[in-house]
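Note sheet for the following structure.
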Amino acid sequence: MTYNVKEIFYSIQGEGYHTGRPAIFCRFTGCNLWNGLEKDREVAKCNFCDTDFVGTNGDGGNKFLNEVDLVKEIVSYWPNSSKPFVVLTGGEPMLQVDIKLVKALKKYKCEIAIETNGTINVPNEIDWICVSPKAGNPLKQVYGDELKLVYPQKNVAPDIYEKYSFKNFSLQPMDGTLKVHNTQLALEYCKNNPKWKISLQTHKIIGVR
Ligand code: SF4
């Protein structure tokens with residue numbers, strides 16, 4: 001299978017449970033909830049995206065002809081002989097991530113995390129499953145390590161997700177012109193509902209990818 005990858009880079013995880021942890025990011029091309037074109041944003045199933053996932057032209061991006069070529073490229077970013085921590089993201093990574101790729105990453109001793117919108121089931125072999133639900137799009141992946149909800153979203157109360165089996169629940173203030181207001185809303189919600197923690201996009205604060 002050919003894997004279309006927008007970019008690969010080494011940075012720190014900026015948000016969620018693993019905030020601050022060095023990680024290699026593999027951003028897959030494409031999403032099932034938006035085609036990535038601004039002209040279609042308003043009619044997309046998800047319309048607050050802050051990520052460019054179109055094409056394969058980012059740093060380290062390419063069309064990889066098989067899983068071994070892709071994994072070799074990914075692990076080459078890790079600085080030493082410890083276990084690489086790899087975050088599969090997108091776009092929607094589950095449009096392309098398959099068991100062959102997961103096994104190849106494991107062969108290279110990687111600890112694998114995924115950031116998904118939860119509309120496609122994730123292989124259980126992945127070590128850290130982070131689901132970020134998008135309003136109006138039914139969840140298929142209803143268990144995992146982290147449920148990270150961008151907040152607020154129209155007609156979505158966070159507590160509808162509490163019935164699902166996630167180890168951690170967090171609210172991430174929606175970016176954009178209302179970010180300060182949204183951060184206040186998220187703070188208030190978490191203080192009133194202590195099951196939820198705040199997730200801040202610290203990579204934007206400190207100016208890294
Ligand atoms: S689901 Fe994620 S990647 Fe897809 S459009 Fe929404 S925010 Fe962007």
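Chain labels A, B, ... are given in the sequence in which chains occur in the structure tokens; within each chain residues are numbered consecutively from 1, and ligands are likewise numbered from 1 in the order shown.
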| message | For Lys100 (chain A), find every residue with an atom within 8 Å (counting only C-alpha atoms), except residues of its own chain fewer than 3 positions away, and show them as a PyMOL selection string. | response | chain A and resi 67+103-104
Those same residues, written as a PDB file, in the first residue's frame with C-alpha atoms?
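again-v2.pdb, written as the output of this step:
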ATOM      1  CA  GLU A  67       5.327   0.342   5.350  1.00  0.00           C
ATOM      2  CA  LYS A 103       3.605  -4.116  13.078  1.00  0.00           C
ATOM      3  CA  ALA A 104       6.491  -2.467  11.245  1.00  0.00           C
TER       4      ALA A 104
END
Each chain A residue no farther than 7 Å from ligand 1, nearest pair in Å, only C-alpha atoms and all ligand atoms, as CSV:
residue,atom,partner,partner_atom_place_in_ligand_line,distance
A:Cys31,CA,ligand 1,4 (Fe),4.8
A:Asn32,CA,ligand 1,4 (Fe),6.5
A:Leu33,CA,ligand 1,4 (Fe),5.1
A:Trp34,CA,ligand 1,5 (S),4.7
A:Gly36,CA,ligand 1,5 (S),6.8
A:Cys46,CA,ligand 1,6 (Fe),4.6
A:Asn47,CA,ligand 1,5 (S),6.3
A:Phe48,CA,ligand 1,7 (S),6.2
A:Cys49,CA,ligand 1,7 (S),3.9
A:Asp50,CA,ligand 1,8 (Fe),6.4
A:Thr51,CA,ligand 1,8 (Fe),6.0
A:Gly90,CA,ligand 1,3 (S),5.5
A:Gly91,CA,ligand 1,3 (S),3.6
A:Glu92,CA,ligand 1,3 (S),5.3
A:Asn117,CA,ligand 1,1 (S),5.2
A:Lys134,CA,ligand 1,1 (S),6.5
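Summary of the local environment: counting only C-alpha atoms, residues at most 6 Å from Arg21 (chain A), other than itself and those fewer than 3 positions away along its chain, are Ile12, Gln13 and His18 of chain A.
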| message | Quick one: residues within 7 Å of Ile24 (chain A), only C-alpha atoms, excluding same-chain residues fewer than 2 positions away - as a PyMOL selection string? | response | chain A and resi 9-11+26+77+85-87
Written file, previous selection with N, CA and C atoms, as a short mmCIF file (atom, residue, chain, number, x, y, z; two decimals), in the first residue's frame:
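See again_30.cif below for the written result:
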data_model
loop_
_atom_site.label_atom_id
_atom_site.label_comp_id
_atom_site.auth_asym_id
_atom_site.auth_seq_id
_atom_site.Cartn_x
_atom_site.Cartn_y
_atom_site.Cartn_z
N PHE A 9 7.97 15.19 11.32
CA PHE A 9 8.88 16.09 12.03
C PHE A 9 9.03 15.65 13.48
N TYR A 10 10.13 16.10 14.06
CA TYR A 10 10.44 15.79 15.46
C TYR A 10 10.22 17.05 16.29
N SER A 11 9.41 16.93 17.32
CA SER A 11 9.11 18.10 18.14
C SER A 11 8.70 17.61 19.53
N CYS A 26 4.01 11.95 12.51
CA CYS A 26 3.78 11.57 11.11
C CYS A 26 2.36 12.00 10.76
N TYR A 77 14.29 10.10 12.55
CA TYR A 77 14.21 11.40 13.24
C TYR A 77 14.54 11.29 14.73
N PHE A 85 9.12 7.55 20.30
CA PHE A 85 7.71 7.82 20.57
C PHE A 85 7.14 8.48 19.31
N VAL A 86 6.19 7.79 18.68
CA VAL A 86 5.69 8.22 17.38
C VAL A 86 4.21 8.55 17.48
N VAL A 87 3.84 9.75 17.04
CA VAL A 87 2.43 10.16 17.04
C VAL A 87 1.93 10.13 15.59
#
| task | Skip Val131 (chain A) itself and residues of its chain fewer than 5 positions away, then list as a list in words all residues within 10 Å of it, counting only C-alpha atoms. | result | Ile114, Glu115, Thr116, Asn117, Gly118, Thr119, Val122, Leu139, Gln141, Val142, Tyr143, Gly144, Asp145, Glu146, Leu147, Lys148, Leu149, Phe166 and Phe169 of chain A
| task | Have a look at A:Pro123, A:Pro22, A:Pro138, A:Gly14 and name the one nearest to Val102 (chain A); count only C-alpha atoms. | result |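 Among the listed residues, A:Pro123 lies closest to Val102 (chain A).
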| Members of region 21-102 of chain A assigned alpha helix (DSSP H) by DSSP, as a PyMOL selection string | chain A and resi 67-75+99-102
Would you save the residues of that selection, restricted to C-alpha atoms, as a PDB file, in the first residue's frame?
ATOM      1  CA  GLU A  67       5.327   0.342   5.350  1.00  0.00           C
ATOM      2  CA  VAL A  68       9.041  -0.419   5.749  1.00  0.00           C
ATOM      3  CA  ASP A  69      10.115   2.638   3.770  1.00  0.00           C
ATOM      4  CA  LEU A  70       7.798   4.811   5.848  1.00  0.00           C
ATOM      5  CA  VAL A  71       8.905   3.407   9.209  1.00  0.00           C
ATOM      6  CA  LYS A  72      12.594   3.723   8.327  1.00  0.00           C
ATOM      7  CA  GLU A  73      12.008   7.364   7.499  1.00  0.00           C
ATOM      8  CA  ILE A  74      10.032   7.970  10.719  1.00  0.00           C
ATOM      9  CA  VAL A  75      12.570   6.410  13.088  1.00  0.00           C
ATOM     10  CA  ILE A  99      -1.915  -3.372  10.776  1.00  0.00           C
ATOM     11  CA  LYS A 100       1.117  -3.771   8.495  1.00  0.00           C
ATOM     12  CA  LEU A 101       2.306  -0.304   9.405  1.00  0.00           C
ATOM     13  CA  VAL A 102       1.625  -0.851  13.112  1.00  0.00           C
TER      14      VAL A 102
END
| task | Considering only C-alpha atoms, return as an NGL selection string whatever protein or nucleic-acid residues lie within 10 Å of Ser82 (chain A), sequence-local ones (same chain, fewer than 3 positions apart) excluded. | result | :A and (78-79 or 85 or 109-110)
| message | I want to know what sits within 7 Å of region 192-206 of chain A, based on only C-alpha atoms, with residues of the same chain fewer than 6 positions away left out; could you give that as a VMD selection string? | response | chain A and resid 14 to 16 169 to 172 186
| message | Let's see if you can do this: from backbone DSSP, list all strand (DSSP E or B) residues in chain A, as a count of residues only. | response | 56
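Using only C-alpha atoms, the smallest distance between any of A:Tyr151, A:Phe25, A:Trp128, A:Tyr164 and Val180 (chain A) comes from A:Tyr151.
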